[in-house]
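final03.tsv follows; it contains TSV, C-alpha atoms.
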```tsv
chain	number	residue	atom	x	y	z
M	1	MET	CA	0.00	0.00	0.00
M	2	PRO	CA	1.49	3.40	-0.96
M	3	LYS	CA	2.61	5.59	1.92
M	4	LYS	CA	0.59	8.75	2.44
M	5	VAL	CA	2.48	12.02	1.95
M	6	LEU	CA	1.34	15.51	2.91
M	7	VAL	CA	2.97	18.46	1.11
M	8	VAL	CA	3.45	21.78	2.93
M	9	ASP	CA	4.64	24.71	0.81
M	10	ASP	CA	3.32	28.23	0.26
M	11	SER	CA	4.38	28.04	-3.37
M	12	LEU	CA	1.66	26.67	-5.66
M	13	VAL	CA	4.36	25.67	-8.10
M	14	VAL	CA	6.43	23.67	-5.63
M	15	ALA	CA	3.32	22.00	-4.23
M	16	ARG	CA	2.37	21.00	-7.75
M	17	GLN	CA	5.89	19.73	-8.52
M	18	LEU	CA	5.95	17.63	-5.36
M	19	GLU	CA	2.44	16.27	-5.94
M	20	GLN	CA	3.45	15.15	-9.44
M	21	ILE	CA	6.71	13.55	-8.31
M	22	ILE	CA	5.13	11.79	-5.33
M	23	GLY	CA	1.94	10.80	-7.12
M	24	GLY	CA	3.82	9.41	-10.09
M	25	SER	CA	6.15	7.26	-8.04
M	26	GLY	CA	3.89	4.30	-7.32
M	27	ASP	CA	5.40	3.90	-3.81
M	28	PHE	CA	3.74	6.97	-2.37
M	29	CYS	CA	0.49	8.87	-2.73
M	30	CYS	CA	0.05	12.57	-2.11
M	31	ILE	CA	-2.97	13.12	0.12
M	32	GLY	CA	-2.95	16.89	-0.40
M	33	SER	CA	-1.05	20.09	0.12
M	34	VAL	CA	-1.34	22.97	2.58
M	35	ARG	CA	0.37	26.34	2.56
M	36	ASN	CA	1.84	27.03	5.99
M	37	GLY	CA	2.92	25.47	9.26
M	38	ALA	CA	-0.35	25.96	11.13
M	39	GLU	CA	-2.28	24.22	8.35
M	40	ALA	CA	0.30	21.42	8.40
M	41	ILE	CA	-0.28	20.74	12.11
M	42	LYS	CA	-4.03	20.59	11.52
M	43	ALA	CA	-3.73	18.41	8.41
M	44	ASN	CA	-1.39	16.01	10.23
M	45	GLN	CA	-4.01	15.47	12.94
M	46	GLN	CA	-6.89	15.13	10.49
M	47	ASP	CA	-5.31	13.09	7.70
M	48	ASN	CA	-2.64	11.12	9.58
M	49	PRO	CA	0.01	11.04	6.83
M	50	ASP	CA	3.03	8.71	7.02
M	51	ILE	CA	5.36	11.40	5.70
M	52	ILE	CA	5.33	15.20	5.53
M	53	CYS	CA	7.39	17.11	2.95
M	54	MET	CA	7.61	20.65	4.34
M	55	ASP	CA	9.14	23.99	3.34
M	56	MET	CA	10.88	26.16	5.96
M	57	ASN	CA	10.31	29.71	4.76
M	58	MET	CA	6.55	30.28	4.71
M	59	PRO	CA	4.31	33.22	5.68
M	60	GLY	CA	2.44	32.72	8.94
M	61	MET	CA	3.90	29.76	10.83
M	62	ASP	CA	7.27	28.73	9.38
M	63	GLY	CA	8.38	25.15	8.82
M	64	LEU	CA	10.73	24.80	11.80
M	65	THR	CA	8.07	26.00	14.24
M	66	ALA	CA	5.59	23.55	12.73
M	67	LEU	CA	8.16	20.74	12.80
M	68	ARG	CA	8.64	21.23	16.55
M	69	SER	CA	4.89	20.93	17.17
M	70	ILE	CA	4.30	18.06	14.79
M	71	VAL	CA	7.01	15.79	16.22
M	72	ALA	CA	5.92	16.64	19.76
M	73	LEU	CA	2.35	15.54	19.02
M	74	ASP	CA	3.06	12.65	16.68
M	75	LYS	CA	6.01	10.27	17.15
M	76	GLU	CA	5.17	8.23	14.07
M	77	VAL	CA	5.12	10.74	11.24
M	78	LYS	CA	8.39	11.28	9.34
M	79	VAL	CA	9.16	14.84	8.30
M	80	VAL	CA	11.40	15.74	5.38
M	81	MET	CA	12.24	19.42	4.98
M	82	VAL	CA	12.32	20.66	1.36
M	83	THR	CA	13.69	24.18	1.32
M	84	SER	CA	15.84	26.71	-0.48
M	85	LEU	CA	17.53	27.28	2.91
M	86	GLY	CA	18.67	23.67	3.36
M	87	GLY	CA	22.29	24.56	2.67
M	88	VAL	CA	22.39	27.07	5.54
M	89	SER	CA	24.14	25.10	8.26
M	90	ASP	CA	22.16	26.67	11.13
M	91	ASN	CA	18.86	25.75	9.48
M	92	PHE	CA	20.02	22.24	8.67
M	93	ASN	CA	21.29	21.69	12.23
M	94	GLU	CA	18.10	23.04	13.78
M	95	ALA	CA	15.86	20.91	11.55
M	96	MET	CA	17.80	17.73	12.31
M	97	LYS	CA	17.83	18.43	16.06
M	98	LEU	CA	14.08	19.04	16.04
M	99	GLY	CA	13.49	15.65	14.44
M	100	ALA	CA	13.50	16.08	10.66
M	101	ARG	CA	14.62	12.92	8.88
M	102	CYS	CA	16.57	14.83	6.22
M	103	VAL	CA	16.77	18.21	4.53
M	104	ILE	CA	16.49	18.54	0.76
M	105	SER	CA	17.60	21.76	-0.88
M	106	LYS	CA	15.76	23.55	-3.67
M	107	PRO	CA	16.12	23.37	-6.58
M	108	PHE	CA	15.48	19.62	-6.49
M	109	VAL	CA	14.92	16.92	-9.09
M	110	ALA	CA	12.54	13.97	-8.74
M	111	GLU	CA	15.38	11.64	-7.71
M	112	ASP	CA	16.28	13.90	-4.75
M	113	ILE	CA	12.74	13.62	-3.39
M	114	LEU	CA	12.06	9.96	-4.14
M	115	GLY	CA	15.54	8.90	-2.98
M	116	ALA	CA	14.95	10.62	0.36
M	117	LEU	CA	11.44	9.19	0.77
M	118	ARG	CA	12.54	5.66	-0.07
M	119	ALA	CA	15.39	5.88	2.43
M	120	LEU	CA	13.01	6.61	5.31
S	1	MET	CA	21.53	20.53	-7.70
S	2	ALA	CA	21.80	23.26	-5.05
S	3	VAL	CA	24.29	24.92	-2.73
S	4	LYS	CA	24.64	22.49	0.14
S	5	PHE	CA	26.15	22.15	3.58
S	6	PHE	CA	28.59	19.22	3.87
S	7	GLY	CA	26.63	17.51	6.66
S	8	GLN	CA	23.43	17.80	4.64
S	9	TYR	CA	25.19	16.25	1.64
S	10	LEU	CA	26.38	13.29	3.73
S	11	VAL	CA	22.88	12.57	5.08
S	12	GLU	CA	21.35	12.97	1.64
S	13	LYS	CA	23.82	10.48	0.16
S	14	GLY	CA	23.19	8.04	3.00
S	15	VAL	CA	26.86	8.20	4.07
S	16	VAL	CA	25.95	8.99	7.68
S	17	SER	CA	22.76	8.40	9.63
S	18	ARG	CA	20.43	11.03	11.04
S	19	GLU	CA	21.42	9.94	14.57
S	20	ALA	CA	25.13	10.35	13.80
S	21	ILE	CA	24.72	13.82	12.37
S	22	VAL	CA	22.65	14.94	15.36
S	23	GLU	CA	25.38	13.61	17.69
S	24	ALA	CA	28.07	15.40	15.67
S	25	ILE	CA	26.12	18.67	15.72
S	26	ALA	CA	25.80	18.38	19.52
S	27	LEU	CA	29.57	17.91	19.77
S	28	GLN	CA	30.16	20.95	17.56
S	29	GLU	CA	27.85	23.06	19.68
S	30	LYS	CA	29.73	22.02	22.82
S	31	GLN	CA	33.16	22.76	21.38
S	32	ASN	CA	32.60	25.70	19.01
S	33	LEU	CA	32.28	28.64	21.37
S	34	LYS	CA	30.57	31.82	20.24
S	35	LEU	CA	32.66	34.99	20.25
S	36	GLY	CA	31.40	36.13	23.63
S	37	GLU	CA	31.83	32.70	25.20
S	38	MET	CA	35.37	32.46	23.85
S	39	ALA	CA	36.28	35.92	25.16
S	40	VAL	CA	34.98	34.89	28.60
S	41	SER	CA	36.86	31.57	28.49
S	42	MET	CA	40.08	33.46	27.67
S	43	GLY	CA	39.52	35.67	30.73
S	44	LEU	CA	39.33	38.87	28.65
S	45	VAL	CA	35.77	39.81	29.62
S	46	THR	CA	33.11	38.70	32.08
S	47	SER	CA	29.73	37.17	31.36
S	48	ALA	CA	28.20	40.42	32.62
S	49	ASP	CA	30.16	42.36	29.95
S	50	ILE	CA	28.73	40.08	27.26
S	51	GLU	CA	25.21	40.38	28.65
S	52	ARG	CA	25.51	44.20	28.62
S	53	ALA	CA	26.82	44.11	25.05
S	54	HIS	CA	23.91	41.91	23.94
S	55	GLN	CA	21.50	44.41	25.51
S	56	SER	CA	23.22	47.28	23.65
S	57	GLN	CA	22.89	45.37	20.39
S	58	LEU	CA	19.10	45.72	20.69
S	59	SER	CA	19.47	49.43	19.99
S	60	ARG	CA	22.78	49.53	18.06
S	61	ASP	CA	23.21	47.81	14.72
S	62	MET	CA	26.70	46.44	15.43
S	63	LYS	CA	28.31	43.04	15.54
S	64	LEU	CA	29.26	41.87	19.03
S	65	GLY	CA	33.03	42.10	18.43
S	66	ASP	CA	32.83	45.62	17.01
S	67	LEU	CA	30.62	46.68	19.90
S	68	LEU	CA	33.02	45.28	22.51
S	69	VAL	CA	35.85	47.26	20.88
S	70	ALA	CA	33.74	50.43	20.50
S	71	THR	CA	32.85	50.36	24.22
S	72	GLY	CA	36.45	49.74	25.25
S	73	THR	CA	35.65	46.31	26.68
S	74	LEU	CA	38.15	44.67	24.31
S	75	THR	CA	41.07	46.11	22.36
S	76	GLU	CA	41.29	45.42	18.65
S	77	GLY	CA	44.25	43.13	19.33
S	78	GLN	CA	42.29	41.15	21.91
S	79	LEU	CA	39.36	40.81	19.50
S	80	ALA	CA	41.75	39.47	16.86
S	81	ASP	CA	43.10	36.96	19.43
S	82	VAL	CA	39.58	35.78	20.26
S	83	VAL	CA	38.68	35.33	16.60
S	84	ALA	CA	41.98	33.52	15.95
S	85	ARG	CA	41.30	31.16	18.88
S	86	GLN	CA	37.79	30.52	17.58
S	87	GLN	CA	39.20	29.61	14.17
S	88	ALA	CA	42.01	27.46	15.58
S	89	THR	CA	39.69	25.41	17.78
S	90	HIS	CA	36.75	25.20	15.37
S	91	LEU	CA	35.45	21.66	15.00
S	92	TYR	CA	34.16	21.10	11.48
S	93	ILE	CA	31.28	18.71	10.85
S	94	GLY	CA	33.54	16.16	9.14
S	95	GLU	CA	35.90	16.10	12.15
S	96	ALA	CA	32.94	15.86	14.50
S	97	LEU	CA	31.62	12.86	12.55
S	98	ILE	CA	35.01	11.16	12.95
S	99	LYS	CA	34.92	11.83	16.69
S	100	VAL	CA	31.49	10.22	17.02
S	101	GLY	CA	32.69	7.23	14.98
S	102	ALA	CA	30.50	7.83	11.92
S	103	LEU	CA	33.41	8.42	9.50
S	104	ASP	CA	37.13	7.67	9.30
S	105	GLN	CA	39.81	9.93	7.82
S	106	GLU	CA	39.95	8.09	4.53
S	107	LYS	CA	36.19	8.16	4.03
S	108	LEU	CA	36.05	11.83	5.01
S	109	ALA	CA	38.71	12.73	2.43
S	110	ARG	CA	36.86	10.76	-0.25
S	111	GLN	CA	33.53	12.39	0.60
S	112	LEU	CA	35.04	15.88	0.69
S	113	GLU	CA	36.36	15.35	-2.84
S	114	ALA	CA	32.95	14.15	-4.01
S	115	PHE	CA	31.30	17.11	-2.27
S	116	LYS	CA	33.64	19.55	-4.02
S	117	LEU	CA	32.70	18.03	-7.37
S	118	ASP	CA	28.99	18.25	-6.49
S	119	GLN	CA	29.38	21.92	-5.59
S	120	ALA	CA	31.75	22.87	-8.43
S	121	PRO	CA	28.95	24.48	-10.49
S	122	TYR	CA	28.52	27.04	-7.72
S	123	VAL	CA	32.13	28.18	-7.44
S	124	ALA	CA	32.01	31.93	-7.99
S	125	ASP	CA	33.17	33.65	-11.16
S	126	GLY	CA	34.49	37.20	-10.87
S	127	ILE	CA	31.87	39.96	-10.94
S	128	ALA	CA	32.72	43.50	-9.88
S	129	LEU	CA	30.21	46.11	-8.71
S	130	PRO	CA	30.61	49.57	-10.29
S	131	VAL	CA	30.15	51.46	-7.01
S	132	LYS	CA	31.52	51.12	-3.52
S	133	VAL	CA	29.00	49.42	-1.22
S	134	ALA	CA	29.27	47.54	2.06
S	135	ASP	CA	29.77	43.76	1.78
S	136	ALA	CA	30.50	44.01	-1.96
S	137	PRO	CA	31.84	40.40	-2.26
S	138	LEU	CA	28.54	39.11	-0.87
S	139	TRP	CA	26.48	40.97	-3.47
S	140	GLU	CA	28.88	40.01	-6.25
S	141	MET	CA	28.35	36.38	-5.25
S	142	THR	CA	24.58	37.02	-5.30
S	143	VAL	CA	24.71	38.23	-8.90
S	144	ASP	CA	26.98	35.37	-9.92
S	145	LEU	CA	24.72	32.77	-8.34
S	146	THR	CA	21.68	34.33	-10.03
S	147	TYR	CA	23.37	33.89	-13.41
S	148	LYS	CA	24.22	30.27	-12.60
S	149	LEU	CA	20.65	29.46	-11.54
S	150	VAL	CA	19.15	31.20	-14.58
S	151	THR	CA	21.11	28.62	-16.55
S	152	ARG	CA	20.58	25.59	-14.31
S	153	VAL	CA	16.99	26.10	-13.13
S	154	LEU	CA	15.44	28.07	-15.99
S	155	GLY	CA	17.57	26.50	-18.72
S	156	LEU	CA	17.95	29.90	-20.41
S	157	ARG	CA	21.01	30.94	-22.39
S	158	PHE	CA	21.89	34.59	-21.91
S	159	ARG	CA	24.54	37.27	-21.96
S	160	PRO	CA	24.97	39.41	-18.82
S	161	GLY	CA	24.80	43.13	-19.55
S	162	ALA	CA	26.90	45.85	-17.93
S	163	CYS	CA	25.74	46.81	-14.45
S	164	GLN	CA	24.07	50.22	-14.22
S	165	VAL	CA	23.37	52.42	-11.21
S	166	VAL	CA	19.66	53.35	-11.15
S	167	SER	CA	17.63	55.79	-9.08
S	168	GLN	CA	14.30	54.05	-9.62
S	169	LEU	CA	12.93	50.66	-10.63
S	170	PRO	CA	11.10	50.86	-13.96
S	171	ALA	CA	7.62	49.38	-14.34
S	172	SER	CA	7.49	45.82	-15.65
S	173	HIS	CA	4.95	43.04	-16.18
S	174	GLN	CA	6.03	41.42	-12.88
S	175	THR	CA	8.66	42.43	-10.36
S	176	ALA	CA	9.37	39.87	-7.63
S	177	ALA	CA	11.19	41.01	-4.51
S	178	LEU	CA	12.76	39.40	-1.46
S	179	ASP	CA	14.48	41.09	1.48
S	180	PHE	CA	17.75	39.90	2.96
S	181	ALA	CA	18.39	40.69	6.62
S	182	GLY	CA	20.90	39.56	9.24
S	183	ASP	CA	24.61	40.35	8.91
S	184	ALA	CA	23.86	42.35	5.74
S	185	SER	CA	20.70	43.80	4.28
S	186	ALA	CA	19.44	44.34	0.74
S	187	ARG	CA	16.34	44.04	-1.38
S	188	TYR	CA	16.70	41.55	-4.22
S	189	LEU	CA	14.37	41.98	-7.21
S	190	ILE	CA	13.88	40.39	-10.60
S	191	ALA	CA	11.72	42.15	-13.20
S	192	VAL	CA	10.32	40.34	-16.22
S	193	SER	CA	8.18	41.05	-19.26
S	194	GLU	CA	5.17	38.84	-20.00
S	195	PRO	CA	7.06	36.58	-22.44
S	196	VAL	CA	9.90	36.07	-19.95
S	197	GLN	CA	7.43	35.37	-17.14
S	198	LYS	CA	6.06	32.56	-19.32
S	199	LYS	CA	9.55	31.21	-19.98
S	200	VAL	CA	10.14	31.04	-16.22
S	201	ALA	CA	6.82	29.24	-15.78
S	202	GLN	CA	7.60	26.80	-18.61
S	203	ALA	CA	10.85	25.88	-16.88
S	204	LEU	CA	9.43	25.48	-13.38
S	205	LEU	CA	6.27	23.67	-14.46
S	206	HIS	CA	8.15	21.52	-17.00
S	207	ALA	CA	5.46	22.48	-19.52
S	208	ALA	CA	5.80	23.58	-23.14
S	209	VAL	CA	2.59	25.63	-22.96
S	210	VAL	CA	1.55	27.74	-19.97
S	211	ASP	CA	-0.96	30.10	-21.59
S	212	HIS	CA	-3.85	28.41	-19.79
S	213	GLU	CA	-2.26	28.83	-16.34
S	214	PRO	CA	-3.90	31.30	-13.94
S	215	VAL	CA	-2.06	34.57	-13.31
S	216	GLU	CA	-1.32	33.56	-9.72
S	217	VAL	CA	0.51	30.43	-10.89
S	218	LEU	CA	2.55	32.39	-13.44
S	219	GLU	CA	3.46	34.94	-10.77
S	220	ASP	CA	4.24	32.21	-8.27
S	221	CYS	CA	6.81	30.73	-10.64
S	222	LEU	CA	8.93	33.89	-10.56
S	223	LEU	CA	8.46	34.19	-6.78
S	224	GLU	CA	9.66	30.61	-6.34
S	225	PHE	CA	12.63	31.22	-8.62
S	226	ILE	CA	13.86	34.16	-6.52
S	227	ASN	CA	13.16	32.17	-3.35
S	228	VAL	CA	15.46	29.42	-4.66
S	229	VAL	CA	18.17	31.88	-5.72
S	230	CYS	CA	18.12	33.78	-2.44
S	231	GLY	CA	18.04	30.60	-0.34
S	232	ASN	CA	21.12	29.40	-2.16
S	233	VAL	CA	22.74	32.82	-1.65
S	234	ALA	CA	22.06	32.49	2.09
S	235	ALA	CA	23.58	28.99	2.02
S	236	LYS	CA	26.71	30.15	0.24
S	237	ALA	CA	26.99	33.18	2.53
S	238	SER	CA	26.80	30.90	5.57
S	239	GLN	CA	29.86	29.04	4.28
S	240	ASP	CA	31.70	32.39	4.50
S	241	GLY	CA	30.46	33.05	8.03
S	242	PHE	CA	27.66	35.44	7.04
S	243	THR	CA	24.23	34.89	8.55
S	244	LEU	CA	21.52	36.00	6.17
S	245	THR	CA	17.82	35.53	6.72
S	246	ILE	CA	15.20	35.79	3.99
S	247	ASN	CA	11.50	36.54	4.05
S	248	PRO	CA	8.99	34.91	1.73
S	249	PRO	CA	9.12	36.63	-1.70
S	250	VAL	CA	6.42	39.05	-2.84
S	251	THR	CA	5.31	40.61	-6.11
S	252	VAL	CA	5.87	44.36	-5.98
S	253	PRO	CA	3.26	46.43	-7.80
S	254	ALA	CA	5.23	48.97	-9.83
S	255	PRO	CA	3.40	52.09	-11.06
S	256	ALA	CA	3.89	53.06	-14.72
S	257	ALA	CA	6.22	55.85	-13.62
S	258	GLY	CA	8.46	53.35	-11.80
S	259	LEU	CA	9.34	52.88	-8.15
S	260	PRO	CA	11.70	55.54	-6.79
S	261	LEU	CA	14.38	54.42	-4.34
S	262	ALA	CA	14.54	55.91	-0.86
S	263	ALA	CA	17.26	58.35	0.12
S	264	GLY	CA	20.15	56.34	1.48
S	265	GLU	CA	19.64	53.52	-1.01
S	266	VAL	CA	21.57	52.69	-4.14
S	267	GLY	CA	20.04	50.62	-6.92
S	268	LEU	CA	22.12	48.39	-9.16
S	269	CYS	CA	20.61	46.93	-12.32
S	270	PHE	CA	22.09	43.83	-13.96
S	271	PRO	CA	20.43	43.27	-17.35
S	272	ILE	CA	20.19	39.64	-18.44
S	273	HIS	CA	19.93	39.48	-22.24
S	274	LEU	CA	18.32	36.21	-23.31
S	275	GLU	CA	19.45	34.64	-26.55
S	276	ASP	CA	16.04	35.10	-28.21
S	277	GLY	CA	16.23	38.89	-27.77
S	278	HIS	CA	14.12	39.13	-24.59
S	279	GLN	CA	15.54	40.55	-21.39
S	280	MET	CA	15.06	40.25	-17.66
S	281	GLU	CA	16.59	42.50	-15.02
S	282	LEU	CA	18.11	41.72	-11.67
S	283	TYR	CA	18.11	44.65	-9.24
S	284	LEU	CA	19.90	44.93	-5.94
S	285	VAL	CA	18.81	47.78	-3.69
S	286	LEU	CA	21.54	48.31	-1.12
S	287	PRO	CA	22.15	50.76	1.70
S	288	LYS	CA	24.60	53.49	0.60
```

Serialized structure, structure tokens:
Amino acid sequence: MPKKVLVVDDSLVVARQLEQIIGGSGDFCCIGSVRNGAEAIKANQQDNPDIICMDMNMPGMDGLTALRSIVALDKEVKVVMVTSLGGVSDNFNEAMKLGARCVISKPFVAEDILGALRAL
Amino acid sequence: MAVKFFGQYLVEKGVVSREAIVEAIALQEKQNLKLGEMAVSMGLVTSADIERAHQSQLSRDMKLGDLLVATGTLTEGQLADVVARQQATHLYIGEALIKVGALDQEKLARQLEAFKLDQAPYVADGIALPVKVADAPLWEMTVDLTYKLVTRVLGLRFRPGACQVVSQLPASHQTAALDFAGDASARYLIAVSEPVQKKVAQALLHAAVVDHEPVEVLEDCLLEFINVVCGNVAAKASQDGFTLTINPPVTVPAPAAGLPLAAGEVGLCFPIHLEDGHQMELYLVLPK
């Protein structure tokens, strides 16, 4: 059974890219996308995804703040950060300490995303 | 395909585990003292001096070291000693991973070579700004990285035009802007005509035709492109010890008469001439 993935990104374009990559993989299915951290916390409780692919830099609640809440409330879900700020060491360190499984930098290609998801 | 941090690269490639990297980061944080902590550990200042300096920073836009010198708490020579000690004792992530048993020397050397190859497309080419501004090398790197990502992300062939100093930003079909803050500040903007906006969308959506796309999707493509560029700029800056933060990008409505710059700002325009005759412009608005 494909693993359920929730996408969190304020960019319509990135959300669409991730939905296409994830949906076309066969191993995973995208159960939807939301546009900021607060919506991600709510969607995680409602939809119970196996994996969350989440941006860091979003208006409203940012990705690191949401990550902290999500892993505190849900020990099962695996969070992968997908961000243009992944190469900033402070951001990478903070995300990993908070419980992210890995950090993928933008721009990404399909193999970056699927490779990371399959390694979880 | 992006500017990366070595630890991130190792996790991404599956060379080290998440647990190992978290352990190595913890070791780094224990050993790599901040400037104030190092100055205290060397007996040059007290914790109270550092606390006072941090309080002053709330109202004075100065780095801690400069502030400690300006207030007479440290001499310039002492500050140089503190920085030198920080550099001499700095534990890099690769060394930390060896200490926690996740890598050995040979594997580290091999991975560093592979990492250099992975990051070779982002090694800076020389770009010189035509006016004197603070942190010029940082902004030169920003322009250089923009050019590289126009090629790699948008797949567009182009010729960079000569940089011009401007006093206002001309009107365009879409102007996307993002503010840098932190150790340096600037507003980064890219202005495009309608045909170039569609080229950006074609590249990001991997679609030959984008005419049917809603305006918000077309605009979002340019916003996402500058988000990617500026995130990579922040990543590269962090390798040079600069902390830059970025806000989510926005589309700036430009009146037909153009957007004048504020007093105290200097605008630099870098025209990007595409091979099919179209043009996009990169603007940097910097403090004078």

Fill in: Residue contacts of stretch 38-44 of chain M (8 Å, all atoms listed in the file) excluding same-chain residues fewer than 2 positions away, as an MDAnalysis selection string
chainID M and resid 6 8 34:36 46:49 60:61 66 69:70

Please identify every residue of chain M that has at least one atom no farther than 8 Å from an atom of chain S, counting only C-alpha atoms, and for each give the shortest atom pair and the distance in Å to one decimal, arranged by chain then increasing number, as CSV.
```
residue,atom,partner,partner_atom,distance
M:Ser11,CA,S:Asp220,CA,6.4
M:Leu12,CA,S:Val217,CA,6.5
M:Val13,CA,S:Cys221,CA,6.2
M:Val14,CA,S:Glu224,CA,7.7
M:Gln17,CA,S:Leu205,CA,7.1
M:Asn57,CA,S:Pro248,CA,6.2
M:Met58,CA,S:Pro248,CA,6.0
M:Pro59,CA,S:Pro248,CA,6.4
M:Thr83,CA,S:Gly231,CA,7.9
M:Ser84,CA,S:Gly231,CA,4.5
M:Leu85,CA,S:Gly231,CA,4.7
M:Gly86,CA,S:Lys4,CA,6.9
M:Gly87,CA,S:Lys4,CA,4.0
M:Val88,CA,S:Ala235,CA,4.2
M:Ser89,CA,S:Phe5,CA,5.9
M:Phe92,CA,S:Gln8,CA,6.9
M:Asn93,CA,S:Ile25,CA,6.7
M:Met96,CA,S:Val22,CA,6.4
M:Lys97,CA,S:Val22,CA,6.0
M:Arg101,CA,S:Arg18,CA,6.5
M:Cys102,CA,S:Val11,CA,6.8
M:Val103,CA,S:Gln8,CA,6.7
M:Ile104,CA,S:Glu12,CA,7.4
M:Ser105,CA,S:Ala2,CA,6.1
M:Lys106,CA,S:Val228,CA,6.0
M:Pro107,CA,S:Ala2,CA,5.9
M:Phe108,CA,S:Met1,CA,6.2
M:Val109,CA,S:Met1,CA,7.7
M:Ala116,CA,S:Glu12,CA,6.9
```

Discussion item. Using Å and a single decimal, report how far atom CA of S:His90 sits from atom CA of S:Val123.
Written reply: 23.5 Å

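The smallest atom-to-atom distance between M:Leu120 and any of M:Asp50, M:Asp90, M:Glu19, M:Asp55, using all atoms listed in the file, is found for M:Asp50.
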
Discussion item. If I take atom CA of M:Leu18 and atom CA of M:Val5, how far is one from the other in Å, to one decimal?
Written reply: 9.8 Å

Practice prompt. List the neighbours of S:Ala53 out to 7 Å using only C-alpha atoms; skip same-chain residues closer than 3 positions along the sequence, and give me the result as a VMD selection string.
Written response: chain S and resid 49 to 50 56 to 57 64 67 to 68

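The smallest atom-to-atom distance between S:Val266 and any of S:Ala114, S:Arg187, S:Val45, S:Leu27, using all atoms listed in the file, is found for S:Arg187.
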
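The interatomic distance for the pair atom CA of S:Gly101 and atom CA of S:Gln87 works out to 23.3 Å.
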
Practice prompt. Please work out which residues fall within 8 Å of (31.3, 10.3, 9.9), coordinates as given in the file, with all atoms listed in the file counting, and return them as a ChimeraX atom specification.
Written response: /S:15-16,20-21,94-104,107-108

Write the residues of the selection above to a file with C-alpha atoms, as an mmCIF file, in the coordinates of the input.
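result_16.cif was written with the following content:
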```cif
data_model
loop_
_atom_site.group_PDB
_atom_site.id
_atom_site.type_symbol
_atom_site.label_atom_id
_atom_site.label_comp_id
_atom_site.auth_asym_id
_atom_site.auth_seq_id
_atom_site.Cartn_x
_atom_site.Cartn_y
_atom_site.Cartn_z
ATOM 1 C CA VAL S 15 26.860 8.200 4.070
ATOM 2 C CA VAL S 16 25.950 8.990 7.680
ATOM 3 C CA ALA S 20 25.130 10.350 13.800
ATOM 4 C CA ILE S 21 24.720 13.820 12.370
ATOM 5 C CA GLY S 94 33.540 16.160 9.140
ATOM 6 C CA GLU S 95 35.900 16.100 12.150
ATOM 7 C CA ALA S 96 32.940 15.860 14.500
ATOM 8 C CA LEU S 97 31.620 12.860 12.550
ATOM 9 C CA ILE S 98 35.010 11.160 12.950
ATOM 10 C CA LYS S 99 34.920 11.830 16.690
ATOM 11 C CA VAL S 100 31.490 10.220 17.020
ATOM 12 C CA GLY S 101 32.690 7.230 14.980
ATOM 13 C CA ALA S 102 30.500 7.830 11.920
ATOM 14 C CA LEU S 103 33.410 8.420 9.500
ATOM 15 C CA ASP S 104 37.130 7.670 9.300
ATOM 16 C CA LYS S 107 36.190 8.160 4.030
ATOM 17 C CA LEU S 108 36.050 11.830 5.010
#
```

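If only C-alpha atoms are the atoms counted, then among S:Val252, S:Val143, S:Leu129, S:Val150 the closest residue to S:Leu169 is S:Val252.
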
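A cut-off of 6 Å from the point (29.8, 12.8, -0.8), with only C-alpha atoms, picks out the residues S:Leu10, S:Gln111, S:Ala114, S:Phe115.
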
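For S:Val196, the list of residues within 10 Å, based on only C-alpha atoms and with local chain neighbours fewer than 3 positions off taken out, reads His173, Gln174, Ala191, Val192, Ser193, Lys199, Val200, Ala201, Gln202, Leu222, Leu274, His278, Gln279 and Met280 of chain S.
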
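Of the listed residues S:Leu112, S:Val165, S:Leu189, S:Val82, the one whose atoms come nearest to S:Ala254 is S:Leu189, with distances taken using only C-alpha atoms.
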